[in-house]
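So the structure is just underneath, and the comments pick up after that.
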Amino acid sequence: MKKIAVVLFALFFIAKVFSQTNELTDAQIKEAFVTQNIFGEYLKFNNDNTFVSDYRTKGGDGYNFEGNYSINKGIISFSNVKGSEWANKSISTDNNGNLNFNSKYRYLPDSNNGTFIGSLYNLEDKSYFWSVKKIPSDMIIEINGIKAYKVNNEIYITENLKMRNTNSLNGKVVEIKGCDFRCNGWVEQTRRVVFKGMVIDGYIAKTVETETIDGITAPWYYIQQQEHDPFFRNEGDVYNVWIFGGYVKEYPVNEKHENPVELKTSVESTGLKFFQYNNDDKK
């Protein structure tokens with residue numbers, strides 16, 4: 001279920017993948033591949049029409065490929081591929097998708113999945129292999145038709161905020177089983193809020209339009225939250241929810257840290273129990 005939720009989240013973000021107003025020439029595509037290194041270590045294109053791929057996934061699996069590529073009327077093909085025979089001539093990354101060297105592709109520089117912009121589109125199975133170029137913070141994307149900006153910062157929650165299925169006070173409140181905090185604390189019971197003191201990262205966006213609630217004008221934030229099982233940490237389903245941004249602050253990654261004392265107060269104010277691994281609550 002967790003993987004399905006993540007995939008759905010990415011699909012919600014994919015915006016106008018075929019809306020490029022100007023078709024790139026073969027030379028322009030090659031220039032983007034070679035000079036901008038769009039796909040990073042996953043796929044490095046050389047000017048002599050060779051490519052290499054040499055990296056490890058989070059699980060430690062190694063991928064080593066090399067071969068030739070060609071671009072003809074916008075169609076990208078691979079040939080003479082050598083290496084990692086056991087992987088069946090394909091790259092499968094944690095965040096960027098799958099790349100099958102036996103397929104043909106188009107380069108879609110304006111496509112995005114909520115995190116990266118630019119992809120190789122598989123003309124056979126209609127899948128995407130995403131670049132490693134992050135969406136700029138000022139770029140407008142769409143989430144289920146709602147215009148939003150991608151947030152590349154982390155966000156800090158300054159009040160307990162209800163999680164909703166839409167960016168409106170009329171939206172249904174989402175209930176999620178448990179919560180796992182960065183500061184080695186957790187909640188086992190079902191919650192309806194993100195707690196004051198939480199630092200949230202990952203897939204984050206905020207609406208272009210703002211709303212005024214209780215005299216505060218702010219956008220809504222779109223975030224991911226995950227169920228928590230104290231015996232299998234971070235292994236529950238992932239939910240995509242909206243929270244009002246009037247009580248949200250943005251910070252650069254790793255600048256703001258969670259405080260267990262503050263979180264304990266926030267959690268207990270909702271009637272739930274806050275556990276910590278470094279005290280008698282440890283299981």
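Identifiers in the structure tokens: chain A, B, ... in order shown; residue index from 1 per chain; ligand index from 1 in order shown.
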*Which residues come within 12 Å of Lys150 in chain A, counting only C-alpha atoms, excluding same-chain residues fewer than 4 positions away, as a list of chain:residue names?*
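The residues satisfying every condition are A:Phe13, A:Asn112, A:Asn113, A:Gly114, A:Thr115, A:Phe116, A:Ile117, A:Lys134, A:Ile135, A:Pro136, A:Ser137, A:Asp138, A:Met139, A:Ile140, A:Ile141, A:Glu142, A:Ile143, A:Glu154, A:Asp201, A:Gly202, A:Tyr203, A:Ile204, A:Ala205, A:Lys206, A:Thr207, A:Val208, A:Tyr221, A:Tyr222, A:Ile223.
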*Got a sec: who's within 9 Å of Asp26 in chain A, counting only C-alpha atoms, leaving out chain neighbours fewer than 3 positions off, as a PyMOL selection string?*
chain A and resi 29-31+71-75
Just write the chosen residues, N, CA and C atoms, as a PDB file, in the first residue's frame.
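Final output, saved to again05.pdb:
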ATOM      1  N   ILE A  29      18.521  18.314 -27.830  1.00  0.00           N
ATOM      2  CA  ILE A  29      18.367  17.227 -26.861  1.00  0.00           C
ATOM      3  C   ILE A  29      19.733  16.728 -26.417  1.00  0.00           C
ATOM      4  N   LYS A  30      20.620  16.503 -27.382  1.00  0.00           N
ATOM      5  CA  LYS A  30      21.962  16.015 -27.057  1.00  0.00           C
ATOM      6  C   LYS A  30      22.697  17.017 -26.182  1.00  0.00           C
ATOM      7  N   GLU A  31      22.571  18.294 -26.504  1.00  0.00           N
ATOM      8  CA  GLU A  31      23.233  19.322 -25.707  1.00  0.00           C
ATOM      9  C   GLU A  31      22.745  19.299 -24.259  1.00  0.00           C
ATOM     10  N   ILE A  71      20.008   9.654 -31.285  1.00  0.00           N
ATOM     11  CA  ILE A  71      18.810  10.499 -31.266  1.00  0.00           C
ATOM     12  C   ILE A  71      18.419  10.766 -32.715  1.00  0.00           C
ATOM     13  N   ASN A  72      17.242  10.319 -33.099  1.00  0.00           N
ATOM     14  CA  ASN A  72      16.783  10.469 -34.480  1.00  0.00           C
ATOM     15  C   ASN A  72      15.352  10.982 -34.482  1.00  0.00           C
ATOM     16  N   LYS A  73      15.172  12.223 -34.918  1.00  0.00           N
ATOM     17  CA  LYS A  73      13.864  12.861 -34.957  1.00  0.00           C
ATOM     18  C   LYS A  73      13.182  12.823 -33.593  1.00  0.00           C
ATOM     19  N   GLY A  74      13.982  13.066 -32.562  1.00  0.00           N
ATOM     20  CA  GLY A  74      13.463  13.135 -31.208  1.00  0.00           C
ATOM     21  C   GLY A  74      13.350  11.806 -30.488  1.00  0.00           C
ATOM     22  N   ILE A  75      13.650  10.700 -31.156  1.00  0.00           N
ATOM     23  CA  ILE A  75      13.558   9.376 -30.550  1.00  0.00           C
ATOM     24  C   ILE A  75      14.927   8.947 -30.048  1.00  0.00           C
TER      25      ILE A  75
END
*Pick out the closest residue to Leu263 in chain A from this set: A:Lys177, A:Lys196, A:Lys172, A:His228. Count only C-alpha atoms.*
A:Lys196
*asked:* Rounded to one decimal, what separation in Å do you get between CA of Trp242 in chain A and CA of Gly271 in chain A?
replied: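 That distance, rounded to one decimal, is 22.4 Å.
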Using only C-alpha atoms, I'd like a table of the residues in range 124-151 of chain A that come within 12 Å of range 32-56 of chain A; for each, show the closest atom pair and its distance in Å rounded to one decimal, ordered by chain and ascending number, as JSON lines.
{"residue": "A:Phe129", "atom": "CA", "partner": "A:Phe39", "partner_atom": "CA", "distance": 9.0}
{"residue": "A:Trp130", "atom": "CA", "partner": "A:Phe39", "partner_atom": "CA", "distance": 7.5}
{"residue": "A:Ser131", "atom": "CA", "partner": "A:Phe39", "partner_atom": "CA", "distance": 4.6}
{"residue": "A:Val132", "atom": "CA", "partner": "A:Phe39", "partner_atom": "CA", "distance": 5.3}
{"residue": "A:Lys133", "atom": "CA", "partner": "A:Ile38", "partner_atom": "CA", "distance": 6.2}
{"residue": "A:Lys134", "atom": "CA", "partner": "A:Ile38", "partner_atom": "CA", "distance": 10.0}
Residue selection dump (N, CA and C atoms) as a PDB file, in the first residue's frame:
ATOM      1  N   PHE A 129      11.157   7.864 -16.827  1.00  0.00           N
ATOM      2  CA  PHE A 129      12.400   7.803 -16.072  1.00  0.00           C
ATOM      3  C   PHE A 129      12.788   9.246 -15.789  1.00  0.00           C
ATOM      4  N   TRP A 130      12.720   9.637 -14.517  1.00  0.00           N
ATOM      5  CA  TRP A 130      12.832  11.040 -14.155  1.00  0.00           C
ATOM      6  C   TRP A 130      14.275  11.491 -14.022  1.00  0.00           C
ATOM      7  N   SER A 131      14.499  12.755 -14.311  1.00  0.00           N
ATOM      8  CA  SER A 131      15.822  13.350 -14.194  1.00  0.00           C
ATOM      9  C   SER A 131      16.178  13.537 -12.722  1.00  0.00           C
ATOM     10  N   VAL A 132      17.353  14.119 -12.476  1.00  0.00           N
ATOM     11  CA  VAL A 132      17.752  14.455 -11.103  1.00  0.00           C
ATOM     12  C   VAL A 132      17.734  15.969 -10.901  1.00  0.00           C
ATOM     13  N   LYS A 133      17.101  16.673 -11.830  1.00  0.00           N
ATOM     14  CA  LYS A 133      17.003  18.132 -11.736  1.00  0.00           C
ATOM     15  C   LYS A 133      15.778  18.507 -10.919  1.00  0.00           C
ATOM     16  N   LYS A 134      15.977  19.146  -9.785  1.00  0.00           N
ATOM     17  CA  LYS A 134      14.861  19.491  -8.913  1.00  0.00           C
ATOM     18  C   LYS A 134      14.016  20.614  -9.503  1.00  0.00           C
TER      19      LYS A 134
END
